[in-house]
>>> print(open('data.txt').read())   # compact mmCIF, C-alpha atoms
# COMPACT_ATOMS: atom_id res chain seq x y z
CA MET E 7 82.46 -19.62 4.36
CA ASN E 8 82.21 -15.95 3.42
CA THR E 9 79.07 -13.96 2.64
CA GLU E 10 79.53 -14.20 -1.12
CA GLN E 11 79.75 -18.00 -0.92
CA GLN E 12 76.67 -18.16 1.30
CA LEU E 13 74.63 -16.08 -1.12
CA LYS E 14 75.89 -18.11 -4.06
CA LEU E 15 74.76 -21.28 -2.32
CA GLN E 16 71.33 -19.77 -1.83
CA ALA E 17 71.16 -18.66 -5.47
CA PHE E 18 72.06 -22.26 -6.42
CA LEU E 19 69.12 -23.53 -4.35
CA ASP E 20 66.76 -20.99 -5.95
CA GLY E 21 67.90 -21.81 -9.49
CA GLU E 22 69.21 -18.28 -10.02
CA LEU E 23 72.74 -19.19 -11.06
CA PRO E 24 73.92 -19.50 -14.66
CA GLU E 25 74.61 -23.09 -15.70
CA ARG E 26 78.39 -22.81 -15.46
CA GLU E 27 78.33 -21.30 -11.96
CA ALA E 28 75.79 -23.89 -10.85
CA ARG E 29 78.19 -26.64 -11.95
CA ASP E 30 80.99 -25.01 -9.93
CA VAL E 31 78.78 -24.86 -6.83
CA ALA E 32 77.74 -28.50 -7.26
CA ALA E 33 81.44 -29.47 -7.36
CA TRP E 34 82.13 -27.35 -4.29
CA LEU E 35 79.23 -28.96 -2.41
CA ALA E 36 80.67 -32.41 -3.06
CA GLN E 37 83.82 -31.42 -1.13
CA ASP E 38 82.53 -29.10 1.61
CA LYS E 39 80.42 -30.55 4.44
CA ASP E 40 79.58 -27.11 5.90
CA ALA E 41 78.25 -25.94 2.55
CA THR E 42 76.17 -29.12 2.23
CA ALA E 43 74.74 -28.62 5.74
CA LEU E 44 73.85 -25.00 5.00
CA LEU E 45 72.19 -25.96 1.74
CA MET E 46 70.14 -28.57 3.58
CA GLU E 47 69.02 -26.02 6.17
CA LEU E 48 67.96 -23.55 3.49
CA ARG E 49 66.10 -26.29 1.63
CA ASN E 50 64.29 -27.47 4.79
CA THR E 51 63.14 -23.94 5.53
CA ARG E 52 61.85 -23.51 2.01
CA GLN E 53 59.97 -26.81 2.19
CA ALA E 54 58.44 -25.91 5.55
CA LEU E 55 57.05 -22.69 4.09
CA GLY E 56 55.65 -24.51 1.08
CA GLY E 57 52.25 -25.45 2.46
CA PHE E 58 51.87 -22.62 4.92
CA GLU E 59 49.96 -19.83 3.24
CA PRO E 60 47.02 -21.80 1.78
CA GLU E 61 45.97 -22.57 5.37
CA ILE E 62 45.24 -18.92 6.18
CA ARG E 63 41.53 -18.12 6.02
CA LEU E 64 39.74 -14.80 6.08
CA PRO E 65 38.24 -14.37 9.56
CA GLU E 66 35.07 -12.63 8.31
CA THR E 67 31.89 -13.90 6.74
CA ARG E 68 31.48 -13.59 3.00
CA GLU E 69 28.53 -11.21 3.33
CA PHE E 70 30.19 -8.88 5.81
CA TYR E 71 33.45 -8.77 3.87
CA TRP E 72 31.72 -8.09 0.55
CA SER E 73 29.31 -5.52 1.98
CA LYS E 74 32.22 -3.26 2.98
CA ILE E 75 33.78 -3.57 -0.47
CA GLN E 76 30.46 -2.87 -2.18
CA ARG E 77 29.76 0.17 -0.03
CA GLU E 78 33.16 1.63 -0.80
CA ILE E 79 32.77 1.01 -4.54
CA GLN E 80 29.35 2.66 -4.53
CA ARG E 81 30.60 5.58 -2.46
CA LEU E 82 33.47 6.27 -4.84
CA GLU E 83 31.69 5.47 -8.05
CA PRO E 84 27.91 5.08 -8.04
CA ALA E 85 27.66 4.04 -11.68
CA THR E 86 29.55 1.47 -13.70
CA PRO E 87 33.35 1.22 -13.64
CA LYS E 88 35.00 4.30 -15.03
CA LYS E 89 36.14 3.90 -18.59
CA GLU E 90 39.86 4.36 -18.70
CA ALA E 91 41.31 6.56 -21.39
CA VAL E 92 42.22 4.18 -24.17
CA PRO E 93 45.51 5.07 -25.84
CA PHE E 94 45.44 6.08 -29.51
CA SER E 95 47.72 3.19 -30.47
CA PHE E 96 45.12 0.71 -29.14
CA TRP E 97 42.42 2.04 -31.51
CA PHE E 98 44.93 2.48 -34.33
CA TRP E 99 45.84 -1.19 -34.31
CA ARG E 100 42.35 -2.36 -33.43
CA LEU E 101 40.78 -0.56 -36.40
CA LEU E 102 43.62 -0.41 -38.90
CA ILE E 103 44.37 -4.12 -39.00
CA PRO E 104 40.83 -5.34 -39.82
CA ALA E 105 40.22 -2.38 -42.17
CA GLY E 106 43.48 -3.03 -43.99
CA ALA E 107 42.76 -6.74 -44.25
CA ALA E 108 39.25 -6.04 -45.62
CA ALA E 109 40.63 -3.59 -48.21
CA LEU E 110 43.27 -6.08 -49.34
CA LEU E 111 40.66 -8.80 -49.68
CA ALA E 112 38.38 -6.52 -51.71
CA ILE E 113 41.22 -5.53 -54.07
CA ALA E 114 42.34 -9.12 -54.47
CA GLY E 115 38.75 -10.23 -55.13
CA LEU E 116 38.17 -7.54 -57.76
CA PHE E 117 41.46 -8.28 -59.46
CA ALA E 118 40.70 -12.00 -59.61
CA PHE E 119 37.21 -11.33 -60.94
CA LEU E 120 38.50 -9.10 -63.74
CA LYS E 121 41.21 -11.57 -64.69
CA LEU E 122 38.81 -14.47 -64.91
CA ASN E 123 36.00 -12.59 -66.65
CA PRO E 124 37.39 -9.76 -68.79
CA SER E 125 34.07 -9.25 -70.62
CA SER E 126 32.50 -8.13 -67.39
CA ASN E 127 34.94 -5.23 -67.16
CA PRO E 128 32.67 -2.19 -67.35
CA GLY E 129 35.51 -0.06 -68.65
CA ALA E 130 36.80 -2.49 -71.26
CA GLU E 131 34.35 -1.49 -73.96
CA MET E 132 32.54 1.77 -73.97
CA ALA E 133 30.73 3.10 -76.93
CA THR E 134 29.39 6.63 -77.06
CA MET E 135 26.98 7.62 -79.74
CA LEU E 136 26.36 11.27 -80.43
CA ALA E 137 23.04 11.96 -82.05
CA ASP E 138 24.16 14.60 -84.57
CA ALA E 139 27.52 13.35 -85.82
CA ASN E 140 27.13 9.62 -85.12
CA PRO E 141 30.68 9.16 -83.78
CA VAL E 142 31.44 5.82 -82.14
CA THR E 143 34.03 5.75 -79.42
CA TYR E 144 35.69 2.49 -78.54
CA ARG E 145 37.73 2.46 -75.35
CA ASP E 146 39.69 -0.49 -74.02
CA GLN E 147 41.03 0.37 -70.61
CA ALA E 148 42.93 -2.89 -70.32
CA GLU E 149 44.92 -1.99 -73.45
CA GLY E 150 44.94 1.74 -72.72
CA MET E 151 43.52 2.47 -76.15
CA THR E 152 40.71 4.75 -77.38
CA VAL E 153 39.37 4.74 -80.95
CA VAL E 154 36.91 7.38 -82.16
CA TRP E 155 34.97 6.39 -85.26
CA LEU E 156 33.29 9.23 -87.13
CA SER E 157 30.94 8.03 -89.85
CA TYR E 158 29.50 11.47 -90.59
CA PRO E 159 30.14 13.53 -92.76
CA ALA E 160 32.69 11.16 -94.36
CA GLU E 161 29.96 8.78 -95.30
CA LYS E 162 27.96 11.60 -96.98
CA GLU E 163 31.03 12.82 -98.83
CA PHE E 164 31.74 9.32 -99.95
CA THR E 165 28.14 9.03 -101.06
CA ALA E 166 28.32 12.42 -102.88
CA ASN E 167 31.61 11.51 -104.51
CA SER E 168 30.43 8.10 -105.52
CA SER E 169 27.32 9.63 -107.07
CA GLY E 170 29.64 11.79 -109.21
CA GLY E 171 31.46 8.71 -110.44
CA ARG E 172 34.73 9.52 -108.60
CA LEU E 173 36.31 7.53 -106.03
CA PRO E 174 38.22 9.47 -103.32
CA MET J 9 21.51 -10.69 -14.81
CA ALA J 10 19.77 -12.25 -11.83
CA ASP J 11 19.35 -15.53 -13.68
CA LYS J 12 23.06 -15.87 -14.45
CA ASN J 13 24.83 -18.79 -12.87
CA TYR J 14 27.99 -17.07 -11.70
CA SER J 15 29.37 -19.97 -9.70
CA SER J 16 29.81 -22.11 -12.82
CA ALA J 17 31.39 -19.33 -14.92
CA ASP J 18 35.17 -19.17 -15.21
CA ASP J 19 37.19 -16.18 -14.05
CA ALA J 20 37.64 -14.80 -17.56
CA ALA J 21 33.88 -14.70 -18.17
CA LEU J 22 33.26 -13.10 -14.79
CA VAL J 23 35.91 -10.47 -15.48
CA ARG J 24 34.29 -9.65 -18.84
CA ASP J 25 30.90 -9.22 -17.15
CA ALA J 26 32.39 -7.15 -14.35
CA GLN J 27 34.16 -4.93 -16.90
CA LYS J 28 30.70 -4.12 -18.29
CA GLY J 29 29.61 -3.05 -14.81
CA ASP J 30 28.13 -6.30 -13.50
CA MET J 31 28.82 -6.11 -9.78
CA ALA J 32 27.39 -9.57 -9.08
CA ALA J 33 30.08 -11.05 -11.32
CA PHE J 34 32.70 -9.10 -9.40
CA GLU J 35 31.27 -10.35 -6.11
CA GLU J 36 31.76 -13.92 -7.33
CA LEU J 37 35.41 -13.13 -8.06
CA VAL J 38 35.79 -11.72 -4.54
CA VAL J 39 34.26 -14.88 -3.07
CA ARG J 40 36.64 -17.08 -5.03
CA HIS J 41 39.87 -15.27 -4.24
CA ARG J 42 39.26 -13.51 -0.93
CA ASP J 43 41.21 -16.03 1.15
CA LYS J 44 44.27 -15.84 -1.09
CA LEU J 45 44.33 -12.06 -1.02
CA TYR J 46 43.80 -11.91 2.70
CA ALA J 47 46.52 -14.55 3.30
CA ARG J 48 49.02 -12.56 1.25
CA ALA J 49 48.20 -9.36 3.12
CA PHE J 50 48.38 -11.14 6.46
CA SER J 51 51.74 -12.76 5.65
CA MET J 52 53.17 -9.32 4.94
CA MET J 53 51.47 -7.25 7.63
CA ARG J 54 51.13 -9.77 10.49
CA ASN J 55 48.05 -7.91 11.65
CA GLU J 56 44.59 -9.31 11.11
CA GLN J 57 42.69 -6.03 10.89
CA GLU J 58 45.27 -4.37 8.63
CA ALA J 59 45.22 -7.43 6.38
CA ILE J 60 41.41 -7.32 6.11
CA ASP J 61 41.40 -3.58 5.39
CA LEU J 62 44.18 -3.78 2.80
CA SER J 63 42.65 -6.76 1.02
CA GLN J 64 39.32 -4.93 0.82
CA GLU J 65 41.05 -1.82 -0.47
CA ALA J 66 42.70 -4.02 -3.09
CA TRP J 67 39.28 -5.25 -4.27
CA VAL J 68 38.01 -1.69 -4.57
CA LYS J 69 41.07 -0.73 -6.59
CA GLY J 70 40.64 -3.87 -8.66
CA TRP J 71 37.10 -2.82 -9.57
CA GLN J 72 38.23 0.69 -10.48
CA ARG J 73 41.05 -0.61 -12.68
CA LEU J 74 39.20 -3.54 -14.25
CA ASN J 75 39.51 -2.03 -17.71
CA GLN J 76 43.29 -2.16 -17.37
CA PHE J 77 43.18 -5.94 -16.97
CA HIS J 78 43.76 -7.54 -20.37
CA GLY J 79 44.36 -11.12 -19.23
CA ASP J 80 48.16 -11.07 -19.49
CA SER J 81 48.22 -12.99 -16.20
CA SER J 82 45.48 -14.74 -14.27
CA PHE J 83 42.98 -12.49 -12.53
CA ALA J 84 44.09 -13.86 -9.13
CA THR J 85 47.73 -12.99 -9.88
CA TRP J 86 46.72 -9.50 -11.02
CA MET J 87 44.75 -8.92 -7.83
CA THR J 88 47.56 -10.33 -5.68
CA ARG J 89 49.98 -7.80 -7.17
CA ILE J 90 47.58 -5.02 -6.23
CA VAL J 91 47.38 -6.17 -2.62
CA ILE J 92 51.17 -6.60 -2.42
CA ASN J 93 51.69 -3.02 -3.60
CA LEU J 94 49.18 -1.74 -1.07
CA CYS J 95 50.94 -3.68 1.70
CA LEU J 96 54.33 -2.29 0.65
CA ASP J 97 52.92 1.24 0.70
CA GLN J 98 51.44 0.64 4.15
CA LEU J 99 54.71 -0.82 5.47
CA ARG J 100 56.57 2.27 4.22
CA LYS J 101 54.03 4.52 5.93
CA ASN J 102 54.33 2.51 9.17
CA LYS J 103 58.09 2.75 9.01
CA ARG J 104 58.03 6.51 8.67
CA HIS J 105 56.06 6.69 11.91
CA ARG J 106 58.58 4.89 14.04
CA ALA J 107 62.30 5.13 14.65
CA GLU J 108 64.40 2.29 13.33
CA SER J 109 65.62 0.16 16.20
CA ILE J 110 69.18 -1.01 16.70
CA GLU J 111 68.01 -4.58 16.17
CA GLU J 112 66.63 -3.72 12.72
CA MET J 113 69.88 -2.06 11.70
CA ASP J 114 71.69 -5.20 12.81
CA GLU J 115 69.29 -7.33 10.75
CA GLU J 116 69.96 -5.27 7.65
CA SER J 117 73.65 -6.09 7.85
CA GLY J 118 73.03 -9.78 8.51
CA GLY J 119 72.98 -10.15 12.28
CA VAL J 120 74.46 -13.00 14.26
CA GLU J 121 72.38 -15.64 12.43
CA ARG J 122 74.53 -15.25 9.35
CA GLN J 123 77.48 -16.82 11.13
CA MET J 124 75.73 -19.46 13.21
CA PRO J 125 76.17 -23.16 12.39
CA ALA J 126 73.60 -24.71 10.09
CA VAL J 127 70.57 -26.46 11.61
CA VAL J 128 71.33 -29.92 10.28
CA VAL J 129 68.21 -31.69 11.57
CA ASN J 130 64.95 -30.63 9.97
CA PRO J 131 63.08 -29.07 12.92
CA THR J 132 59.72 -29.37 11.18
CA GLU J 133 59.95 -33.13 10.66
CA ARG J 134 57.16 -35.28 12.04
CA LEU J 135 55.04 -32.28 12.96
CA GLU J 136 51.28 -32.25 12.52
CA ARG J 137 50.17 -29.88 9.79
CA GLY J 138 48.36 -27.58 12.20
CA GLU J 139 51.27 -27.50 14.61
CA LEU J 140 53.73 -26.71 11.83
CA ARG J 141 51.50 -23.89 10.63
CA GLN J 142 51.39 -22.39 14.12
CA ARG J 143 55.16 -22.55 14.49
CA ILE J 144 55.86 -20.99 11.15
CA ASP J 145 53.26 -18.33 11.84
CA LYS J 146 54.97 -17.47 15.12
CA ALA J 147 58.43 -17.49 13.54
CA LEU J 148 57.33 -15.28 10.64
CA GLY J 149 55.98 -12.81 13.17
CA GLN J 150 59.44 -12.47 14.66
CA LEU J 151 61.08 -11.44 11.41
CA SER J 152 61.46 -7.78 10.54
CA GLU J 153 59.08 -6.40 7.91
CA GLU J 154 61.88 -6.07 5.34
CA HIS J 155 63.01 -9.67 5.68
CA ARG J 156 59.51 -11.08 5.87
CA THR J 157 58.46 -9.16 2.76
CA VAL J 158 61.31 -10.58 0.69
CA LEU J 159 60.64 -14.07 2.04
CA VAL J 160 56.91 -13.85 1.26
CA LEU J 161 57.50 -12.54 -2.26
CA HIS J 162 60.02 -15.29 -2.96
CA GLU J 163 58.40 -18.28 -1.27
CA PHE J 164 54.69 -17.56 -1.67
CA GLU J 165 54.54 -15.30 -4.70
CA GLU J 166 57.43 -17.21 -6.36
CA LEU J 167 59.04 -14.08 -7.72
CA GLU J 168 62.63 -14.11 -8.96
CA TYR J 169 65.30 -11.97 -7.29
CA LYS J 170 65.12 -9.25 -9.94
CA GLU J 171 61.31 -9.08 -9.76
CA ILE J 172 61.46 -8.72 -5.98
CA ALA J 173 64.11 -5.99 -6.30
CA LYS J 174 61.83 -4.09 -8.71
CA THR J 175 58.74 -4.53 -6.53
CA VAL J 176 60.40 -3.56 -3.27
CA GLY J 177 62.68 -0.90 -4.80
CA CYS J 178 66.10 -2.17 -3.77
CA SER J 179 69.10 -3.90 -5.37
CA ILE J 180 69.26 -7.61 -6.21
CA GLY J 181 72.14 -7.91 -3.72
CA THR J 182 69.92 -6.55 -0.95
CA VAL J 183 67.18 -9.01 -1.91
CA MET J 184 69.63 -11.92 -1.73
CA SER J 185 71.01 -10.75 1.59
CA ARG J 186 67.57 -10.22 3.15
CA LEU J 187 66.29 -13.55 1.88
CA PHE J 188 69.32 -15.39 3.22
CA TYR J 189 69.02 -13.74 6.59
CA ALA J 190 65.27 -14.39 6.76
CA ARG J 191 65.72 -18.08 6.00
CA ARG J 192 68.48 -18.51 8.53
CA LYS J 193 66.59 -16.72 11.26
CA LEU J 194 63.47 -18.74 10.48
CA ALA J 195 65.47 -21.98 10.71
CA ALA J 196 66.90 -20.88 14.06
CA LEU J 197 63.46 -19.90 15.36
CA LEU J 198 61.92 -23.19 14.30
CA ALA J 199 64.80 -25.08 15.95
CA ASP J 200 64.33 -23.12 19.17
CA LEU J 201 60.61 -23.76 19.10
CA LYS J 202 61.36 -27.46 18.86
CA LYS J 203 63.64 -27.28 21.90
CA GLU J 204 60.91 -25.47 23.85
CA ASN J 205 58.69 -28.49 23.40
>>> encode(input="data.txt", output="structure tokens")
Amino acid sequence: MNTEQQLKLQAFLDGELPEREARDVAAWLAQDKDATALLMELRNTRQALGGFEPEIRLPETREFYWSKIQREIQRLEPATPKKEAVPFSFWFWRLLIPAGAAALLAIAGLFAFLKLNPSSNPGAEMATMLADANPVTYRDQAEGMTVVWLSYPAEKEFTANSSGGRLP
Amino acid sequence: MADKNYSSADDAALVRDAQKGDMAAFEELVVRHRDKLYARAFSMMRNEQEAIDLSQEAWVKGWQRLNQFHGDSSFATWMTRIVINLCLDQLRKNKRHRAESIEEMDEESGGVERQMPAVVVNPTERLERGELRQRIDKALGQLSEEHRTVLVLHEFEELEYKEIAKTVGCSIGTVMSRLFYARRKLAALLADLKKEN
């Protein structure tokens, strides 16, 4: 068995082979006793290591171990943990997303309100009365239309004309 | 703060408190995961004092970098990666201070174990748990740092070949070769230990 075959066998055991290559190795194992024996050895070693590390325990008391860590932290940094520089993109997304969502909601809400209750539109009807000339301005923003109604001096003229017996 | 019941809080809550500067919350995290961090350092360094020092250094670094932890992995995993990196740095420093022996160069290329017949009988069968632990401990101590590191990262940290290659800074082929050699040598050592008894 050459080195490449040995490493392939190991990769098979570790689940690192693509499906097709794994099938080829499985077929090879069915015919080669040496390969099967090597696979078994590798598997036994892996299993033996399985429960090893959790048994290792720190050989110091909790207080003593922590006191050294605490001292070092306080020596290096007497206050609270240093604030790391936060990248611009973090704040951009953190602020932009909720702000954008709130703006969209506000626009949608206003639009729905105006659609359902056109009379409440403050710009739909707007009348302006000027004291001297008595013009009346009607503005409908929904229709994009403005009408200016001037009753003076036309009314007076009409009155003057009508008093003379002539219609305009 | 003094009234807080830290022992019943989960890791995520303790991390949030610690990120705000609550050192008692951080202490609780240390208490919970100190054995795991020490075990990982000891598996890699094979030296009790170095393992204690490096695991403590990892906790200090963990505190300093707490604001970089966003919960992408568990807190224990995040801390374990810190201690692994510290161990790798220390192993590199140690290596610079000593000449590479002929045996180590032989190990890098595979050594005699690569060609030896497979150990067909499981040498760890029917062993008491404590006895098995002692044997593995002794056998791991006889591996070179390079082979032991790859074995620890694969078997205990459960990293894939490509993750080990990235962590250690070598090719996937080297990882596979070192892992294979480490397993074979470990099998041979465990078999020899059985014969001794």
>>> interface_residues(input="data.txt", of="chain J", to="chain E", cutoff="8 Å", atoms="only C-alpha atoms", output="ChimeraX atom specification")
/J:27-30,35,38-39,42-44,46-48,51,60,64-65,67-68,71-76,125-130,132,140-141,144,163-164,168-169,184-185,188,191-192,194-195
>>> atom_distance(input="data.txt", atom1="atom CA of Val23 of chain J", atom2="atom CA of Trp86 of chain J")
11.7 Å
>>> atom_distance(input="data.txt", atom1="atom CA of Trp97 of chain E", atom2="atom CA of Ile113 of chain E")
23.8 Å
>>> axis_aligned_box(input="data.txt", around="segment 195-201 of chain J", padding_each_side="4 Å", output="AutoDock Vina command-line options")
--center_x 63.8 --center_y -22.5 --center_z 14.9 --size_x 14.3 --size_y 13.2 --size_z 16.5
>>> atom_distance(input="data.txt", atom1="atom CA of Ile172 of chain J", atom2="atom CA of Leu187 of chain J")
10.4 Å
>>> residues_around(input="data.txt", residues="Val176 of chain J", least_positions_apart="4", cutoff="9 Å", atoms="only C-alpha atoms", output="PyMOL selection string")
chain J and resi 93+96+157-158+171-172+183
>>> build_atoms(input="data.txt", residues="segment 33-45 of chain J", atoms="N, CA and C atoms", output="PDB file, keeping the file's coordinate frame")
ATOM      1  N   ALA J  33      28.954 -10.260 -10.791  1.00  0.00           N
ATOM      2  CA  ALA J  33      30.080 -11.050 -11.320  1.00  0.00           C
ATOM      3  C   ALA J  33      31.346 -10.750 -10.527  1.00  0.00           C
ATOM      4  N   PHE J  34      31.511  -9.484 -10.185  1.00  0.00           N
ATOM      5  CA  PHE J  34      32.700  -9.100  -9.400  1.00  0.00           C
ATOM      6  C   PHE J  34      32.632  -9.709  -8.000  1.00  0.00           C
ATOM      7  N   GLU J  35      31.447  -9.747  -7.442  1.00  0.00           N
ATOM      8  CA  GLU J  35      31.270 -10.350  -6.110  1.00  0.00           C
ATOM      9  C   GLU J  35      31.705 -11.822  -6.130  1.00  0.00           C
ATOM     10  N   GLU J  36      31.370 -12.514  -7.208  1.00  0.00           N
ATOM     11  CA  GLU J  36      31.760 -13.920  -7.330  1.00  0.00           C
ATOM     12  C   GLU J  36      33.291 -14.048  -7.356  1.00  0.00           C
ATOM     13  N   LEU J  37      33.942 -13.115  -8.028  1.00  0.00           N
ATOM     14  CA  LEU J  37      35.410 -13.130  -8.060  1.00  0.00           C
ATOM     15  C   LEU J  37      35.988 -12.884  -6.655  1.00  0.00           C
ATOM     16  N   VAL J  38      35.352 -11.996  -5.924  1.00  0.00           N
ATOM     17  CA  VAL J  38      35.790 -11.720  -4.540  1.00  0.00           C
ATOM     18  C   VAL J  38      35.645 -12.988  -3.697  1.00  0.00           C
ATOM     19  N   VAL J  39      34.515 -13.650  -3.850  1.00  0.00           N
ATOM     20  CA  VAL J  39      34.260 -14.880  -3.070  1.00  0.00           C
ATOM     21  C   VAL J  39      35.329 -15.930  -3.376  1.00  0.00           C
ATOM     22  N   ARG J  40      35.672 -16.048  -4.634  1.00  0.00           N
ATOM     23  CA  ARG J  40      36.640 -17.080  -5.030  1.00  0.00           C
ATOM     24  C   ARG J  40      38.059 -16.809  -4.505  1.00  0.00           C
ATOM     25  N   HIS J  41      38.453 -15.560  -4.507  1.00  0.00           N
ATOM     26  CA  HIS J  41      39.870 -15.270  -4.240  1.00  0.00           C
ATOM     27  C   HIS J  41      40.115 -14.484  -2.950  1.00  0.00           C
ATOM     28  N   ARG J  42      39.094 -14.349  -2.128  1.00  0.00           N
ATOM     29  CA  ARG J  42      39.260 -13.510  -0.930  1.00  0.00           C
ATOM     30  C   ARG J  42      40.267 -14.092   0.054  1.00  0.00           C
ATOM     31  N   ASP J  43      40.272 -15.421   0.202  1.00  0.00           N
ATOM     32  CA  ASP J  43      41.210 -16.030   1.150  1.00  0.00           C
ATOM     33  C   ASP J  43      42.658 -15.826   0.711  1.00  0.00           C
ATOM     34  N   LYS J  44      42.894 -15.992  -0.573  1.00  0.00           N
ATOM     35  CA  LYS J  44      44.270 -15.840  -1.090  1.00  0.00           C
ATOM     36  C   LYS J  44      44.772 -14.411  -0.879  1.00  0.00           C
ATOM     37  N   LEU J  45      43.911 -13.457  -1.166  1.00  0.00           N
ATOM     38  CA  LEU J  45      44.330 -12.060  -1.020  1.00  0.00           C
ATOM     39  C   LEU J  45      44.550 -11.690   0.453  1.00  0.00           C
TER      40      LEU J  45
END
